[in-house]
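Below is one structure, written out as structure tokens; comments come after it.
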Amino acid sequence: MIVILKKNVSQSMIDQLCGELRSRGLEIHDSNGTDAHILGLVGDTKAIAESWILAHPAVETCRRISEPYKKANRKFHPDDTVVQVGDVKIGGGNFAVMAGPCSIESPQQMELVAQRVKAAGASILRGGAFKPRTSPYSFQGLRSEGLDLLLEAAGKTGQPVVTELMNTEHLPLFEKVDMIQIGARNMQNFELLKAVGRTKTPVLLKRGLCSTLEELVMSAEYIMAEGNENVVLCERGIRTFETSMRNTLDISAIPMLKKMTHLPVIIDPSHAAGIAWMVEPLAKAAVAVGADGLMIEVHNDPAHALCDGAQSLTPDQFDNLMGDLKAQLGFFGKTLN
Ligand code: PEP
Ligand code: MN
């Protein structure tokens, strides 16, 4: 249920209303936005009569929310949420590019890629230390040593980092990580979602290979329900009957998610396409359709990459893409952060 407050009501009146609502076991999500002051009520609202709320002098109107997601619902929070990762803003007109190799391989590789993507305009450094691989015989990542290499390289360029967490046991290793990635395969690992929800670290939540948008938003709700509202959603391609690409980029997901939720939404064209030449057109489509950012795989030597070389851009290709994106972002009135 959402309660829309009258304009210019006193804070003491609002406090009194909130006190009564809390005493009935409800949690209040307070959003004082540009157009309206809204109280989102989370909990069992079935027993709350609309007539009782409408009788309060601070209340303009109230409405029941039928969607199962509450905190992530745009009806609870009409303004765009801006998630801050280090000093980088994502959402609300701020566009952020996360770039780096699929997996962290060596100090030289990480330092070179970090410098090049930073110089090209990527504000967040990505790199996988714990890798979810389809085959147990494929490279599984450098694990905690990889995390150290990522943080060292980012320390030199001054970028915040994003990297994937695969299970709750590894969480203590992620203390210095600026943004925790929950990968497509773990989108519905509810214990993992709850664990990152109990931290304050921003979370990049990737859409599962076969997940609906409502399931994605419900997974964000898991994180937010535990107290961490710094969630960025990522469309990274879904499984369809098409076989000519690794996945199918669901470009329609962006406007739909933006209608459903107030959270920032980014696109990962690398995992969507699985082919390097297709990253550029898909990245441009992301900007055109209103995404708040991109995650792009960049490798110094894609032909010898230990993971996802076929979809990785070289630093020179990434330079060219960023040049085009800067011009395009200006046209769409967005700020590259
Ligand atoms: C990744 O970003 O390295 C990754 C494994 O992505 P996804 O979970 O989208 O497959
Ligand atoms: Mn990858």
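For the structure tokens, the naming scheme is as follows: chains receive sequential letters (A, B, ...) according to their order of presentation, residues are indexed from 1 within each chain, and ligands are indexed from 1 in presentation order.
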
Could you list, with a cut-off of 9 Å and counting only C-alpha atoms and all ligand atoms, the residues of chain A near ligand 1, each shown with its nearest atom pair and the distance in Å rounded to one decimal, rows sorted by chain and ascending number, as JSON lines?
{"residue": "A:Pro101", "atom": "CA", "partner": "ligand 1", "partner_atom_place_in_ligand_line": "3 (O)", "distance": 8.3}
{"residue": "A:Cys102", "atom": "CA", "partner": "ligand 1", "partner_atom_place_in_ligand_line": "3 (O)", "distance": 5.0}
{"residue": "A:Ser103", "atom": "CA", "partner": "ligand 1", "partner_atom_place_in_ligand_line": "3 (O)", "distance": 7.0}
{"residue": "A:Arg126", "atom": "CA", "partner": "ligand 1", "partner_atom_place_in_ligand_line": "2 (O)", "distance": 8.2}
{"residue": "A:Gly127", "atom": "CA", "partner": "ligand 1", "partner_atom_place_in_ligand_line": "3 (O)", "distance": 7.3}
{"residue": "A:Gly128", "atom": "CA", "partner": "ligand 1", "partner_atom_place_in_ligand_line": "3 (O)", "distance": 5.8}
{"residue": "A:Lys131", "atom": "CA", "partner": "ligand 1", "partner_atom_place_in_ligand_line": "5 (C)", "distance": 6.5}
{"residue": "A:Pro132", "atom": "CA", "partner": "ligand 1", "partner_atom_place_in_ligand_line": "5 (C)", "distance": 6.0}
{"residue": "A:Arg133", "atom": "CA", "partner": "ligand 1", "partner_atom_place_in_ligand_line": "5 (C)", "distance": 7.7}
{"residue": "A:Thr163", "atom": "CA", "partner": "ligand 1", "partner_atom_place_in_ligand_line": "2 (O)", "distance": 7.9}
{"residue": "A:Glu164", "atom": "CA", "partner": "ligand 1", "partner_atom_place_in_ligand_line": "1 (C)", "distance": 7.2}
{"residue": "A:Gln181", "atom": "CA", "partner": "ligand 1", "partner_atom_place_in_ligand_line": "2 (O)", "distance": 7.7}
{"residue": "A:Ile182", "atom": "CA", "partner": "ligand 1", "partner_atom_place_in_ligand_line": "8 (O)", "distance": 7.0}
{"residue": "A:Gly183", "atom": "CA", "partner": "ligand 1", "partner_atom_place_in_ligand_line": "8 (O)", "distance": 3.3}
{"residue": "A:Ala184", "atom": "CA", "partner": "ligand 1", "partner_atom_place_in_ligand_line": "8 (O)", "distance": 3.7}
{"residue": "A:Arg185", "atom": "CA", "partner": "ligand 1", "partner_atom_place_in_ligand_line": "8 (O)", "distance": 5.8}
{"residue": "A:Asn186", "atom": "CA", "partner": "ligand 1", "partner_atom_place_in_ligand_line": "8 (O)", "distance": 7.6}
{"residue": "A:Met187", "atom": "CA", "partner": "ligand 1", "partner_atom_place_in_ligand_line": "8 (O)", "distance": 8.5}
{"residue": "A:Leu205", "atom": "CA", "partner": "ligand 1", "partner_atom_place_in_ligand_line": "8 (O)", "distance": 8.8}
{"residue": "A:Lys206", "atom": "CA", "partner": "ligand 1", "partner_atom_place_in_ligand_line": "9 (O)", "distance": 5.7}
{"residue": "A:Arg207", "atom": "CA", "partner": "ligand 1", "partner_atom_place_in_ligand_line": "9 (O)", "distance": 7.1}
{"residue": "A:Gly208", "atom": "CA", "partner": "ligand 1", "partner_atom_place_in_ligand_line": "9 (O)", "distance": 7.5}
{"residue": "A:Leu209", "atom": "CA", "partner": "ligand 1", "partner_atom_place_in_ligand_line": "9 (O)", "distance": 8.0}
{"residue": "A:Cys234", "atom": "CA", "partner": "ligand 1", "partner_atom_place_in_ligand_line": "9 (O)", "distance": 8.2}
{"residue": "A:Glu235", "atom": "CA", "partner": "ligand 1", "partner_atom_place_in_ligand_line": "9 (O)", "distance": 8.1}
{"residue": "A:Arg236", "atom": "CA", "partner": "ligand 1", "partner_atom_place_in_ligand_line": "9 (O)", "distance": 5.4}
{"residue": "A:Gly237", "atom": "CA", "partner": "ligand 1", "partner_atom_place_in_ligand_line": "9 (O)", "distance": 7.8}
{"residue": "A:Asp268", "atom": "CA", "partner": "ligand 1", "partner_atom_place_in_ligand_line": "9 (O)", "distance": 7.4}
{"residue": "A:Ser270", "atom": "CA", "partner": "ligand 1", "partner_atom_place_in_ligand_line": "2 (O)", "distance": 8.6}
{"residue": "A:His271", "atom": "CA", "partner": "ligand 1", "partner_atom_place_in_ligand_line": "9 (O)", "distance": 6.0}
{"residue": "A:Ala272", "atom": "CA", "partner": "ligand 1", "partner_atom_place_in_ligand_line": "9 (O)", "distance": 8.0}
{"residue": "A:Met295", "atom": "CA", "partner": "ligand 1", "partner_atom_place_in_ligand_line": "2 (O)", "distance": 8.0}
{"residue": "A:Ile296", "atom": "CA", "partner": "ligand 1", "partner_atom_place_in_ligand_line": "2 (O)", "distance": 8.7}
{"residue": "A:Glu297", "atom": "CA", "partner": "ligand 1", "partner_atom_place_in_ligand_line": "2 (O)", "distance": 8.1}
{"residue": "A:Cys307", "atom": "CA", "partner": "ligand 1", "partner_atom_place_in_ligand_line": "3 (O)", "distance": 8.8}
{"residue": "A:Asp308", "atom": "CA", "partner": "ligand 1", "partner_atom_place_in_ligand_line": "3 (O)", "distance": 8.4}

Got a sec to tell me which of stretch 80-204 of chain A DSSP assigns to helix (DSSP H, G or I), as a PyMOL selection string? chain A and resi 107-120+143-157+168-174+184-186+190-197

Same residues, N, CA and C atoms, output as a tab-separated table (two decimals), in the first residue's frame:
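File written: result.tsv
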chain	number	residue	atom	x	y	z
A	107	PRO	N	49.09	-9.83	-12.74
A	107	PRO	CA	49.20	-8.41	-12.37
A	107	PRO	C	49.39	-7.53	-13.61
A	108	GLN	N	50.18	-8.01	-14.58
A	108	GLN	CA	50.45	-7.22	-15.79
A	108	GLN	C	49.17	-6.99	-16.57
A	109	GLN	N	48.41	-8.07	-16.75
A	109	GLN	CA	47.15	-7.96	-17.50
A	109	GLN	C	46.22	-6.96	-16.81
A	110	MET	N	46.06	-7.08	-15.49
A	110	MET	CA	45.10	-6.21	-14.79
A	110	MET	C	45.55	-4.76	-14.84
A	111	GLU	N	46.85	-4.52	-14.67
A	111	GLU	CA	47.32	-3.13	-14.66
A	111	GLU	C	47.17	-2.49	-16.02
A	112	LEU	N	47.51	-3.24	-17.06
A	112	LEU	CA	47.39	-2.67	-18.41
A	112	LEU	C	45.93	-2.36	-18.74
A	113	VAL	N	45.06	-3.34	-18.50
A	113	VAL	CA	43.64	-3.14	-18.84
A	113	VAL	C	43.05	-2.01	-17.99
A	114	ALA	N	43.41	-1.98	-16.70
A	114	ALA	CA	42.87	-0.92	-15.82
A	114	ALA	C	43.24	0.46	-16.35
A	115	GLN	N	44.50	0.62	-16.74
A	115	GLN	CA	44.94	1.93	-17.24
A	115	GLN	C	44.22	2.30	-18.52
A	116	ARG	N	44.10	1.33	-19.41
A	116	ARG	CA	43.49	1.63	-20.72
A	116	ARG	C	41.99	1.94	-20.59
A	117	VAL	N	41.27	1.15	-19.79
A	117	VAL	CA	39.82	1.41	-19.71
A	117	VAL	C	39.55	2.70	-18.95
A	118	LYS	N	40.40	2.98	-17.98
A	118	LYS	CA	40.24	4.26	-17.24
A	118	LYS	C	40.48	5.43	-18.20
A	119	ALA	N	41.56	5.35	-18.97
A	119	ALA	CA	41.89	6.44	-19.89
A	119	ALA	C	40.78	6.63	-20.93
A	120	ALA	N	40.11	5.54	-21.28
A	120	ALA	CA	39.04	5.64	-22.29
A	120	ALA	C	37.74	6.18	-21.70
A	143	ARG	N	40.77	-16.64	-7.70
A	143	ARG	CA	40.15	-16.61	-6.36
A	143	ARG	C	40.72	-15.47	-5.50
A	144	SER	N	41.08	-15.72	-4.27
A	144	SER	CA	41.44	-14.58	-3.40
A	144	SER	C	42.67	-13.83	-3.92
A	145	GLU	N	43.56	-14.55	-4.58
A	145	GLU	CA	44.74	-13.89	-5.16
A	145	GLU	C	44.30	-12.92	-6.27
A	146	GLY	N	43.28	-13.34	-7.02
A	146	GLY	CA	42.71	-12.49	-8.06
A	146	GLY	C	42.10	-11.22	-7.49
A	147	LEU	N	41.41	-11.37	-6.37
A	147	LEU	CA	40.82	-10.18	-5.73
A	147	LEU	C	41.91	-9.17	-5.37
A	148	ASP	N	43.03	-9.68	-4.84
A	148	ASP	CA	44.14	-8.77	-4.48
A	148	ASP	C	44.67	-8.06	-5.72
A	149	LEU	N	44.80	-8.80	-6.83
A	149	LEU	CA	45.33	-8.18	-8.06
A	149	LEU	C	44.37	-7.11	-8.59
A	150	LEU	N	43.09	-7.39	-8.50
A	150	LEU	CA	42.09	-6.42	-8.96
A	150	LEU	C	42.17	-5.15	-8.12
A	151	LEU	N	42.23	-5.32	-6.80
A	151	LEU	CA	42.26	-4.15	-5.91
A	151	LEU	C	43.56	-3.37	-6.08
A	152	GLU	N	44.66	-4.08	-6.32
A	152	GLU	CA	45.95	-3.39	-6.53
A	152	GLU	C	45.91	-2.55	-7.80
A	153	ALA	N	45.40	-3.15	-8.89
A	153	ALA	CA	45.35	-2.42	-10.17
A	153	ALA	C	44.43	-1.22	-10.04
A	154	ALA	N	43.29	-1.39	-9.36
A	154	ALA	CA	42.34	-0.29	-9.22
A	154	ALA	C	42.89	0.80	-8.30
A	155	GLY	N	43.71	0.36	-7.34
A	155	GLY	CA	44.33	1.34	-6.43
A	155	GLY	C	45.22	2.28	-7.21
A	156	LYS	N	45.88	1.77	-8.24
A	156	LYS	CA	46.80	2.60	-9.04
A	156	LYS	C	46.03	3.58	-9.93
A	157	THR	N	44.86	3.18	-10.42
A	157	THR	CA	44.10	4.07	-11.32
A	157	THR	C	43.06	4.88	-10.56
A	168	THR	N	28.23	-17.36	0.11
A	168	THR	CA	28.27	-16.55	1.34
A	168	THR	C	29.59	-16.73	2.10
A	169	GLU	N	30.21	-17.90	1.98
A	169	GLU	CA	31.46	-18.14	2.72
A	169	GLU	C	32.57	-17.18	2.30
A	170	HIS	N	32.51	-16.70	1.05
A	170	HIS	CA	33.57	-15.81	0.56
A	170	HIS	C	33.35	-14.35	0.94
A	171	LEU	N	32.19	-14.05	1.53
A	171	LEU	CA	31.85	-12.65	1.80
A	171	LEU	C	32.94	-11.90	2.60
A	172	PRO	N	33.55	-12.52	3.62
A	172	PRO	CA	34.59	-11.79	4.36
A	172	PRO	C	35.75	-11.33	3.47
A	173	LEU	N	36.00	-12.04	2.34
A	173	LEU	CA	37.09	-11.65	1.43
A	173	LEU	C	36.73	-10.39	0.64
A	174	PHE	N	35.45	-10.04	0.62
A	174	PHE	CA	34.96	-8.97	-0.25
A	174	PHE	C	34.84	-7.62	0.48
A	184	ALA	N	24.40	-14.13	-13.17
A	184	ALA	CA	23.15	-14.67	-13.71
A	184	ALA	C	22.78	-16.01	-13.06
A	185	ARG	N	23.79	-16.85	-12.87
A	185	ARG	CA	23.50	-18.19	-12.35
A	185	ARG	C	23.07	-18.18	-10.89
A	186	ASN	N	23.37	-17.10	-10.19
A	186	ASN	CA	23.01	-17.01	-8.77
A	186	ASN	C	21.86	-16.05	-8.51
A	190	PHE	N	18.80	-17.41	-2.95
A	190	PHE	CA	18.17	-16.49	-2.00
A	190	PHE	C	19.01	-16.26	-0.75
A	191	GLU	N	19.76	-17.28	-0.30
A	191	GLU	CA	20.60	-17.07	0.89
A	191	GLU	C	21.73	-16.09	0.57
A	192	LEU	N	22.25	-16.18	-0.67
A	192	LEU	CA	23.31	-15.25	-1.08
A	192	LEU	C	22.74	-13.82	-1.18
A	193	LEU	N	21.53	-13.71	-1.74
A	193	LEU	CA	20.89	-12.39	-1.84
A	193	LEU	C	20.68	-11.79	-0.45
A	194	LYS	N	20.23	-12.62	0.49
A	194	LYS	CA	20.00	-12.10	1.84
A	194	LYS	C	21.32	-11.67	2.48
A	195	ALA	N	22.37	-12.44	2.22
A	195	ALA	CA	23.68	-12.11	2.82
A	195	ALA	C	24.20	-10.77	2.30
A	196	VAL	N	24.10	-10.52	0.99
A	196	VAL	CA	24.58	-9.22	0.48
A	196	VAL	C	23.62	-8.11	0.90
A	197	GLY	N	22.38	-8.49	1.16
A	197	GLY	CA	21.40	-7.51	1.65
A	197	GLY	C	21.76	-7.02	3.05

Counting only C-alpha atoms, the residue of A:Ala96, A:Val82, A:Leu142, A:Ala285 that sits nearest A:Pro160: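 So, comparing all the options, the nearest one is A:Ala96.
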
Residue list (strand (DSSP E), DSSP) for stretch 18-181 of chain A, as a PyMOL selection string: chain A and resi 27-32+37-42+59-63+83-85+88-90+94-100+124-126+161-164+179-181

Got time to write the residues from that selection, N, CA and C atoms, as a CSV table (one decimal), in the first residue's frame?
chain,number,residue,atom,x,y,z
A,27,GLU,N,6.4,-1.7,8.2
A,27,GLU,CA,7.6,-0.9,8.0
A,27,GLU,C,7.3,0.2,7.0
A,28,ILE,N,8.0,1.3,7.1
A,28,ILE,CA,7.7,2.5,6.3
A,28,ILE,C,8.8,2.8,5.4
A,29,HIS,N,8.6,2.9,4.1
A,29,HIS,CA,9.6,3.3,3.1
A,29,HIS,C,9.2,4.8,2.7
A,30,ASP,N,10.0,5.7,3.3
A,30,ASP,CA,9.6,7.1,3.1
A,30,ASP,C,10.3,7.7,1.9
A,31,SER,N,9.5,8.2,0.9
A,31,SER,CA,10.1,8.8,-0.3
A,31,SER,C,9.6,10.2,-0.5
A,32,ASN,N,10.4,11.2,-0.1
A,32,ASN,CA,10.0,12.6,-0.3
A,32,ASN,C,10.6,13.1,-1.6
A,37,HIS,N,5.2,13.3,-1.8
A,37,HIS,CA,5.8,12.7,-0.6
A,37,HIS,C,4.9,11.4,-0.4
A,38,ILE,N,5.6,10.3,-0.5
A,38,ILE,CA,4.9,9.0,-0.5
A,38,ILE,C,5.5,8.1,0.7
A,39,LEU,N,4.6,7.5,1.4
A,39,LEU,CA,5.0,6.5,2.4
A,39,LEU,C,4.6,5.1,1.8
A,40,GLY,N,5.6,4.3,1.6
A,40,GLY,CA,5.3,2.9,1.1
A,40,GLY,C,5.2,2.0,2.3
A,41,LEU,N,4.1,1.3,2.4
A,41,LEU,CA,3.9,0.4,3.6
A,41,LEU,C,4.3,-1.0,3.3
A,42,VAL,N,5.3,-1.6,4.0
A,42,VAL,CA,5.7,-2.9,3.8
A,42,VAL,C,5.3,-3.8,4.9
A,59,VAL,N,-3.1,12.8,5.2
A,59,VAL,CA,-3.2,12.0,4.0
A,59,VAL,C,-4.0,12.6,2.9
A,60,GLU,N,-3.4,12.6,1.7
A,60,GLU,CA,-4.1,13.0,0.5
A,60,GLU,C,-4.9,11.8,0.0
A,61,THR,N,-4.2,10.7,-0.3
A,61,THR,CA,-4.9,9.5,-0.8
A,61,THR,C,-4.1,8.3,-0.5
A,62,CYS,N,-4.6,7.1,-0.7
A,62,CYS,CA,-3.8,5.9,-0.5
A,62,CYS,C,-4.3,4.8,-1.5
A,63,ARG,N,-3.4,3.9,-1.9
A,63,ARG,CA,-3.6,2.9,-2.9
A,63,ARG,C,-3.0,1.6,-2.5
A,83,VAL,N,22.6,5.1,-7.4
A,83,VAL,CA,23.4,4.3,-6.6
A,83,VAL,C,24.9,4.8,-6.7
A,84,GLN,N,25.5,4.9,-5.6
A,84,GLN,CA,26.9,5.5,-5.6
A,84,GLN,C,27.9,4.3,-5.3
A,85,VAL,N,28.9,4.2,-6.2
A,85,VAL,CA,29.9,3.2,-6.0
A,85,VAL,C,31.2,3.9,-6.0
A,88,VAL,N,31.5,7.2,-7.9
A,88,VAL,CA,30.8,7.1,-9.2
A,88,VAL,C,29.3,6.9,-9.0
A,89,LYS,N,28.5,7.8,-9.7
A,89,LYS,CA,27.0,7.7,-9.6
A,89,LYS,C,26.5,6.9,-10.7
A,90,ILE,N,25.4,6.1,-10.4
A,90,ILE,CA,24.7,5.3,-11.5
A,90,ILE,C,23.3,5.6,-11.3
A,94,ASN,N,22.9,9.8,-14.6
A,94,ASN,CA,24.3,9.5,-14.6
A,94,ASN,C,24.6,8.1,-15.2
A,95,PHE,N,25.5,8.1,-16.2
A,95,PHE,CA,25.8,6.9,-16.9
A,95,PHE,C,27.1,6.4,-16.6
A,96,ALA,N,27.3,5.1,-16.2
A,96,ALA,CA,28.6,4.6,-15.8
A,96,ALA,C,29.0,3.4,-16.6
A,97,VAL,N,30.2,3.4,-17.0
A,97,VAL,CA,30.7,2.2,-17.7
A,97,VAL,C,31.7,1.4,-16.8
A,98,MET,N,31.4,0.1,-16.7
A,98,MET,CA,32.2,-0.8,-16.0
A,98,MET,C,33.0,-1.6,-17.0
A,99,ALA,N,34.3,-1.7,-17.0
A,99,ALA,CA,35.0,-2.5,-18.0
A,99,ALA,C,36.2,-3.1,-17.4
A,100,GLY,N,36.6,-4.2,-18.1
A,100,GLY,CA,37.8,-5.0,-17.6
A,100,GLY,C,37.6,-6.4,-18.1
A,124,ILE,N,34.5,2.3,-13.6
A,124,ILE,CA,34.5,1.2,-12.6
A,124,ILE,C,35.3,0.0,-13.3
A,125,LEU,N,36.2,-0.6,-12.5
A,125,LEU,CA,37.0,-1.7,-13.1
A,125,LEU,C,36.3,-3.0,-12.7
A,126,ARG,N,36.1,-3.8,-13.8
A,126,ARG,CA,35.6,-5.2,-13.5
A,126,ARG,C,36.7,-6.2,-13.7
A,161,VAL,N,35.9,-1.0,-7.8
A,161,VAL,CA,35.9,-2.3,-8.5
A,161,VAL,C,34.5,-3.0,-8.3
A,162,VAL,N,34.2,-3.8,-9.3
A,162,VAL,CA,33.0,-4.7,-9.2
A,162,VAL,C,33.5,-6.1,-9.6
A,163,THR,N,33.1,-7.1,-8.7
A,163,THR,CA,33.5,-8.4,-9.0
A,163,THR,C,32.5,-9.4,-8.4
A,164,GLU,N,32.5,-10.6,-8.9
A,164,GLU,CA,31.4,-11.5,-8.6
A,164,GLU,C,31.7,-12.3,-7.3
A,179,MET,N,31.7,-2.9,-5.2
A,179,MET,CA,30.4,-3.3,-5.7
A,179,MET,C,30.5,-4.8,-5.9
A,180,ILE,N,29.5,-5.5,-5.3
A,180,ILE,CA,29.4,-7.0,-5.4
A,180,ILE,C,28.5,-7.4,-6.5
A,181,GLN,N,29.1,-8.2,-7.4
A,181,GLN,CA,28.2,-8.7,-8.5
A,181,GLN,C,27.6,-10.1,-8.1

One decimal, Å: what's the distance from atom CA of A:Ser12 over to atom CA of A:Phe76, could you say?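 Spanning atom CA of A:Ser12 to atom CA of A:Phe76 is a straight-line distance of 21.7 Å.
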
Could you give me, as a list in words, the residues within 10 Å of A:Pro281, counting only C-alpha atoms and dropping anything in the same chain fewer than 5 positions from it?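 Once the adjacent positions are removed, what remains is Pro269, Ala286 and Leu321 of chain A.
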
At a cut-off of 7 Å, using only C-alpha atoms, what residues contact stretch 248-254 of chain A? Leave out same-chain residues fewer than 4 positions from it and give the result as a PyMOL selection string. chain A and resi 236-240+258+265+272-273+289-291

Which residues come within 12 Å of A:Lys71, counting only C-alpha atoms, excluding same-chain residues fewer than 4 positions away, as number ranges by chain? A: 1-2, 27-31, 39-43, 65, 67, 75-78, 81, 217-231, 260-263

Using C-alpha atoms, can you export the residues from the last selection as a PDB file, in the first residue's frame?
ATOM      1  CA  MET A   1       0.000   0.000   0.000  1.00  0.00           C
ATOM      2  CA  ILE A   2       1.213   3.534  -0.677  1.00  0.00           C
ATOM      3  CA  GLU A  27       7.636  -0.946   7.950  1.00  0.00           C
ATOM      4  CA  ILE A  28       7.666   2.462   6.266  1.00  0.00           C
ATOM      5  CA  HIS A  29       9.572   3.336   3.118  1.00  0.00           C
ATOM      6  CA  ASP A  30       9.628   7.147   3.109  1.00  0.00           C
ATOM      7  CA  SER A  31      10.140   8.807  -0.282  1.00  0.00           C
ATOM      8  CA  LEU A  39       4.982   6.480   2.389  1.00  0.00           C
ATOM      9  CA  GLY A  40       5.339   2.927   1.118  1.00  0.00           C
ATOM     10  CA  LEU A  41       3.947   0.428   3.615  1.00  0.00           C
ATOM     11  CA  VAL A  42       5.697  -2.930   3.764  1.00  0.00           C
ATOM     12  CA  GLY A  43       4.174  -5.814   5.703  1.00  0.00           C
ATOM     13  CA  ILE A  65      -0.039  -2.116  -4.627  1.00  0.00           C
ATOM     14  CA  GLU A  67       2.842  -6.194  -7.436  1.00  0.00           C
ATOM     15  CA  LYS A  75       5.144   3.350  -7.085  1.00  0.00           C
ATOM     16  CA  PHE A  76       6.940   3.438  -3.706  1.00  0.00           C
ATOM     17  CA  HIS A  77       9.678   5.756  -5.023  1.00  0.00           C
ATOM     18  CA  PRO A  78       8.702   7.670  -8.176  1.00  0.00           C
ATOM     19  CA  THR A  81      17.404   5.970  -7.451  1.00  0.00           C
ATOM     20  CA  VAL A 217      12.960  -7.508  -9.424  1.00  0.00           C
ATOM     21  CA  MET A 218      11.885  -9.968  -6.703  1.00  0.00           C
ATOM     22  CA  SER A 219      15.541 -10.921  -6.303  1.00  0.00           C
ATOM     23  CA  ALA A 220      16.379  -7.219  -5.882  1.00  0.00           C
ATOM     24  CA  GLU A 221      13.573  -7.091  -3.316  1.00  0.00           C
ATOM     25  CA  TYR A 222      15.341  -9.860  -1.325  1.00  0.00           C
ATOM     26  CA  ILE A 223      18.449  -7.678  -1.079  1.00  0.00           C
ATOM     27  CA  MET A 224      16.487  -4.537  -0.260  1.00  0.00           C
ATOM     28  CA  ALA A 225      14.288  -6.277   2.327  1.00  0.00           C
ATOM     29  CA  GLU A 226      17.460  -6.968   4.351  1.00  0.00           C
ATOM     30  CA  GLY A 227      18.316  -3.262   4.372  1.00  0.00           C
ATOM     31  CA  ASN A 228      20.633  -2.781   1.391  1.00  0.00           C
ATOM     32  CA  GLU A 229      18.850  -0.567  -1.124  1.00  0.00           C
ATOM     33  CA  ASN A 230      21.931   0.027  -3.317  1.00  0.00           C
ATOM     34  CA  VAL A 231      20.988  -2.343  -6.099  1.00  0.00           C
ATOM     35  CA  MET A 260       8.521  -1.339 -12.804  1.00  0.00           C
ATOM     36  CA  THR A 261      11.287  -0.075 -10.548  1.00  0.00           C
ATOM     37  CA  HIS A 262      13.243   3.025  -9.564  1.00  0.00           C
ATOM     38  CA  LEU A 263      16.551   1.135  -9.537  1.00  0.00           C
TER      39      LEU A 263
END

When you count only C-alpha atoms, which of these residues is closest to A:Gln311: A:Glu242, A:Glu280, A:Glu20, A:Asp87?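 Under the stated criterion, the closest residue is A:Glu280.
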
Pick the closest to ligand 2 from A:Asn320, A:Ser23, A:Thr201, A:Thr134: which is it, counting only C-alpha atoms and all ligand atoms? A:Thr134

Pick from A:Ile104, A:Leu325, A:Ile53, A:Val203: nearest to ligand 2, with only C-alpha atoms and all ligand atoms counted?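 Result for the nearest residue to ligand 2: A:Ile104.
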
So, with only C-alpha atoms as the atoms that count, which of A:Thr212, A:Asn189, A:Ser123, A:Gln317 lies closest to A:Asn337?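 Of A:Thr212, A:Asn189, A:Ser123, A:Gln317, the one nearest A:Asn337, counting only C-alpha atoms, is A:Ser123.
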
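Here atom CA of A:Val279 and atom CA of A:Ser135 stand 24.8 Å from one another.
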